[in-house]
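Undergrad: Got a structure for you, entry11.csv, holding CSV, C-alpha atoms.
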```csv
chain,number,residue,atom,x,y,z
A,1,MET,CA,-34.6,21.6,42.8
A,2,THR,CA,-30.8,21.9,43.0
A,3,GLU,CA,-30.4,18.2,43.2
A,4,LEU,CA,-32.4,17.9,39.9
A,5,LEU,CA,-30.2,20.5,38.3
A,6,THR,CA,-27.1,18.7,39.4
A,7,TRP,CA,-28.3,15.5,37.8
A,8,VAL,CA,-29.3,17.3,34.6
A,9,PHE,CA,-25.8,19.0,34.4
A,10,ALA,CA,-24.2,15.6,35.1
A,11,ALA,CA,-26.2,14.0,32.4
A,12,LEU,CA,-25.4,16.8,29.9
A,13,PHE,CA,-21.7,16.6,30.8
A,14,LEU,CA,-21.7,12.9,30.2
A,15,LEU,CA,-23.5,13.4,26.8
A,16,VAL,CA,-20.9,16.0,25.9
A,17,ILE,CA,-18.1,13.6,26.8
A,18,ILE,CA,-19.7,10.8,24.8
A,19,ALA,CA,-20.2,13.1,21.8
A,20,TRP,CA,-16.6,14.4,21.9
A,21,TYR,CA,-15.3,10.8,22.1
A,22,LEU,CA,-17.4,9.7,19.1
A,23,SER,CA,-16.4,12.8,17.1
A,24,TYR,CA,-12.7,12.2,18.0
A,25,THR,CA,-13.0,8.5,17.0
A,26,ALA,CA,-14.7,9.4,13.7
A,27,ALA,CA,-12.1,11.9,12.8
A,28,ARG,CA,-9.3,9.5,13.6
A,29,LEU,CA,-10.9,6.8,11.5
A,30,ASP,CA,-11.3,9.4,8.7
A,31,ARG,CA,-7.6,10.3,8.9
A,32,LEU,CA,-6.7,6.6,8.8
A,33,HIS,CA,-8.8,6.2,5.6
A,34,VAL,CA,-7.1,9.2,4.1
A,35,ARG,CA,-3.7,7.7,4.9
A,36,LEU,CA,-4.9,4.4,3.4
A,37,GLY,CA,-5.8,6.2,0.2
A,38,GLY,CA,-2.4,7.9,0.1
A,39,THR,CA,-0.5,4.7,0.6
A,40,LEU,CA,-2.5,3.0,-2.1
A,41,ALA,CA,-1.8,5.8,-4.5
A,42,ALA,CA,1.9,5.7,-3.6
A,43,LEU,CA,2.0,1.9,-4.2
A,44,ASP,CA,0.3,2.4,-7.6
A,45,ALA,CA,2.9,5.0,-8.5
A,46,ARG,CA,5.8,2.8,-7.5
A,47,LEU,CA,4.4,-0.2,-9.4
A,48,VAL,CA,4.1,1.9,-12.6
A,49,ARG,CA,7.7,3.2,-12.1
A,50,ARG,CA,9.0,-0.3,-11.7
A,51,ALA,CA,7.2,-1.5,-14.8
A,52,GLU,CA,8.5,1.5,-16.8
A,53,ALA,CA,12.0,0.9,-15.6
A,54,ALA,CA,11.7,-2.8,-16.7
A,55,VAL,CA,10.3,-1.6,-20.1
A,56,GLU,CA,13.2,0.8,-20.5
A,57,LEU,CA,15.7,-1.9,-19.7
A,58,ALA,CA,14.0,-4.3,-22.2
A,59,HIS,CA,14.1,-1.7,-24.9
A,60,SER,CA,17.7,-0.5,-24.2
A,61,GLY,CA,19.3,-3.0,-26.6
A,62,LEU,CA,21.6,-4.3,-23.8
A,63,LEU,CA,19.7,-7.6,-23.4
A,64,ASP,CA,19.4,-10.5,-25.8
A,65,GLY,CA,16.1,-10.7,-27.7
A,66,ALA,CA,14.4,-13.5,-25.7
A,67,THR,CA,15.3,-11.9,-22.4
A,68,ALA,CA,14.1,-8.5,-23.6
A,69,LEU,CA,10.9,-9.9,-24.9
A,70,LEU,CA,10.1,-11.8,-21.7
A,71,LEU,CA,10.8,-8.7,-19.6
A,72,ALA,CA,8.9,-6.3,-21.9
A,73,THR,CA,5.9,-8.6,-22.0
A,74,ALA,CA,5.7,-8.9,-18.2
A,75,ALA,CA,6.2,-5.2,-17.7
A,76,GLY,CA,3.5,-4.4,-20.4
A,77,GLU,CA,1.0,-6.7,-18.7
A,78,SER,CA,1.8,-4.9,-15.4
A,79,LEU,CA,1.1,-1.5,-17.0
A,80,GLU,CA,-2.1,-2.8,-18.6
A,81,ALA,CA,-3.4,-4.5,-15.5
A,82,PRO,CA,-6.6,-3.1,-14.0
A,83,SER,CA,-6.0,0.0,-11.8
A,84,GLU,CA,-7.9,-1.4,-8.9
A,85,HIS,CA,-6.1,-3.9,-6.8
A,86,GLY,CA,-7.5,-7.4,-7.0
A,87,GLU,CA,-6.5,-10.8,-8.1
A,88,ALA,CA,-5.6,-9.8,-11.7
A,89,ARG,CA,-3.4,-6.9,-10.7
A,90,GLU,CA,-1.6,-8.9,-8.1
A,91,GLN,CA,-1.0,-11.7,-10.5
A,92,ALA,CA,0.4,-9.3,-13.1
A,93,GLU,CA,2.8,-7.8,-10.5
A,94,SER,CA,3.9,-11.2,-9.3
A,95,ASP,CA,4.5,-12.2,-12.9
A,96,LEU,CA,6.7,-9.1,-13.4
A,97,THR,CA,8.7,-9.9,-10.3
A,98,GLU,CA,9.1,-13.5,-11.5
A,99,ALA,CA,10.2,-12.2,-15.0
A,100,LEU,CA,12.8,-9.9,-13.3
A,101,ASP,CA,14.0,-12.8,-11.2
A,102,LEU,CA,14.4,-15.1,-14.3
A,103,THR,CA,15.9,-12.5,-16.6
A,104,LEU,CA,18.3,-10.6,-14.3
A,105,THR,CA,20.7,-13.4,-13.5
A,106,PRO,CA,24.0,-12.4,-11.8
A,107,ALA,CA,25.8,-12.8,-15.2
A,108,VAL,CA,23.3,-10.5,-16.9
A,109,VAL,CA,23.5,-7.9,-14.2
A,110,THR,CA,27.3,-7.9,-14.2
A,111,SER,CA,27.4,-7.4,-18.0
A,112,LEU,CA,24.8,-4.6,-17.7
A,113,ARG,CA,26.9,-2.9,-15.0
A,114,GLU,CA,29.9,-2.7,-17.4
A,115,SER,CA,28.4,0.1,-19.4
A,116,PRO,CA,27.4,3.5,-17.9
A,117,HIS,CA,24.0,3.3,-19.5
A,118,GLY,CA,23.4,-0.3,-18.3
A,119,GLN,CA,24.6,0.7,-14.8
A,120,ASP,CA,22.1,3.6,-14.7
A,121,LEU,CA,19.2,1.3,-15.9
A,122,VAL,CA,20.1,-1.4,-13.3
A,123,ASP,CA,20.3,1.2,-10.5
A,124,ARG,CA,16.9,2.7,-11.5
A,125,LEU,CA,15.3,-0.8,-11.6
A,126,ALA,CA,16.8,-1.8,-8.3
A,127,SER,CA,15.6,1.4,-6.7
A,128,ALA,CA,12.1,0.9,-8.2
A,129,CYS,CA,11.9,-2.7,-6.9
A,130,THR,CA,13.0,-1.7,-3.4
A,131,ARG,CA,10.4,1.2,-3.4
A,132,VAL,CA,7.6,-1.2,-4.4
A,133,GLU,CA,8.5,-3.5,-1.6
A,134,LEU,CA,8.4,-0.6,0.9
A,135,ALA,CA,5.3,0.9,-0.5
A,136,ARG,CA,3.4,-2.4,-0.2
A,137,ARG,CA,4.5,-2.8,3.4
A,138,PHE,CA,3.4,0.7,4.2
A,139,HIS,CA,0.0,0.1,2.6
A,140,ASN,CA,-0.5,-3.2,4.4
A,141,ASP,CA,0.4,-1.5,7.7
A,142,ALA,CA,-2.2,1.2,7.0
A,143,VAL,CA,-4.8,-1.5,6.2
A,144,THR,CA,-3.9,-3.2,9.5
A,145,ASP,CA,-4.4,0.0,11.4
A,146,VAL,CA,-7.8,0.7,9.8
A,147,ARG,CA,-9.0,-2.8,10.5
A,148,ARG,CA,-7.8,-2.6,14.1
A,149,VAL,CA,-9.7,0.6,14.7
A,150,ARG,CA,-12.8,-0.6,12.8
A,151,ARG,CA,-13.1,-3.6,15.1
A,152,LYS,CA,-13.9,-1.4,18.1
A,153,TRP,CA,-17.4,-1.8,19.3
A,154,THR,CA,-18.1,2.0,19.3
A,155,ILE,CA,-17.3,2.2,15.6
A,156,ARG,CA,-19.5,-0.8,14.8
A,157,MET,CA,-22.3,0.3,17.1
A,158,PHE,CA,-22.5,3.9,15.9
A,159,HIS,CA,-21.7,3.0,12.3
A,160,LEU,CA,-18.8,5.6,12.3
A,161,ALA,CA,-17.3,3.9,9.2
A,162,GLY,CA,-20.4,4.5,7.2
A,163,HIS,CA,-20.7,2.3,4.1
A,164,THR,CA,-16.9,2.3,3.5
A,165,PRO,CA,-15.9,-1.3,2.6
A,166,LEU,CA,-13.3,-2.9,4.9
A,167,PRO,CA,-9.9,-2.6,3.2
A,168,SER,CA,-7.8,-5.6,2.3
A,169,THR,CA,-4.1,-6.0,2.1
A,170,VAL,CA,-2.3,-6.2,-1.2
A,171,GLU,CA,-0.4,-9.5,-1.6
A,172,PHE,CA,2.0,-10.3,-4.4
A,173,ASP,CA,5.5,-11.3,-4.8
A,174,ASP,CA,7.6,-8.2,-4.7
A,175,GLU,CA,11.0,-9.5,-3.6
A,176,VAL,CA,13.9,-7.7,-5.1
A,177,PRO,CA,15.9,-10.0,-7.4
A,178,ALA,CA,19.1,-11.0,-5.6
A,179,PRO,CA,21.5,-9.7,-8.3
A,180,LEU,CA,19.8,-6.2,-8.0
A,181,ALA,CA,20.0,-6.1,-4.3
A,182,THR,CA,23.8,-6.1,-4.3
```
Show this structure as structure tokens.

TA:
Amino acid sequence: MTELLTWVFAALFLLVIIAWYLSYTAARLDRLHVRLGGTLAALDARLVRRAEAAVELAHSGLLDGATALLLATAAGESLEAPSEHGEAREQAESDLTEALDLTLTPAVVTSLRESPHGQDLVDRLASACTRVELARRFHNDAVTDVRRVRRKWTIRMFHLAGHTPLPSTVEFDDEVPAPLAT
């Protein structure tokens, strides 16, 4: 009888350990998904801030008409892009980066920095561009972490991720234009 009780307690102990592990793993996965949501929200906020800084620069009157129009159009398309990340949003953000790169030549940035208002606008835009680059990296790191954890056999076997779709990285050109980086 005592041998049977020993086996029963050993089996119960093993089940408790397995249940604790699955609970811990599910909670960890949930925390990673929450972190992923936070990084995506931060990225969205940084993208909006960059587009707003570009619009503000375009409407400042410090740029020539064609440059201001090109920059305002790209920034407007970025602001009007769908809020969910996908091909259209990534293309709009890449287009804004390209417009910044084309319009903010070293000569233009130098002339903007000559006035206090222009210096402030350039500094805000440079800061926003750098923050977009960092936010995208943080988000993609979070996606990598979630994918790594979701590849584990225990998560797949016990469906600990539920019906949550597998996240994907956000890929677009976000390089800070060289004249702004200095």

Undergrad: Mind pulling up the distance from atom CA of A:Arg156 to atom CA of A:Leu15?

TA: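 Spanning atom CA of A:Leu15 to atom CA of A:Arg156 is a straight-line distance of 19.0 Å.
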
Undergrad: Any idea what's packed within 9 Å of A:Leu29, counting all atoms listed in the file, ignoring anything in its chain fewer than 4 positions away? Could you give it as a PyMOL selection string?

TA: chain A and resi 24-25+33-34+146+149-150+155+160-161

Undergrad: With all atoms listed in the file as the basis for distance, which of A:Leu79, A:Val170, A:Ala99, A:Ala72 is at the shortest distance from A:Arg49?

TA: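 Checking each candidate against A:Arg49, we get A:Leu79 as the closest.
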
Undergrad: Restricting the calculation to all atoms listed in the file: of A:Ser23, A:Ser127, A:Ser78, A:Thr39, which residue gets closest to A:Val176?

TA: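 So, comparing all the options, the nearest one is A:Ser127.
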
Undergrad: Go through A:Ala27, A:Leu125, A:Leu63, A:Ile17 and flag the residue nearest A:Ser111, using only C-alpha atoms for the distances.

TA: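 Counting only C-alpha atoms, the residue closest to A:Ser111 is A:Leu63.
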
Undergrad: Can you measure atom CA of A:Arg35 to atom CA of A:His159 for me? One decimal in Å is fine.

TA: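 One can read the atom CA of A:Arg35 to atom CA of A:His159 distance as 20.0 Å.
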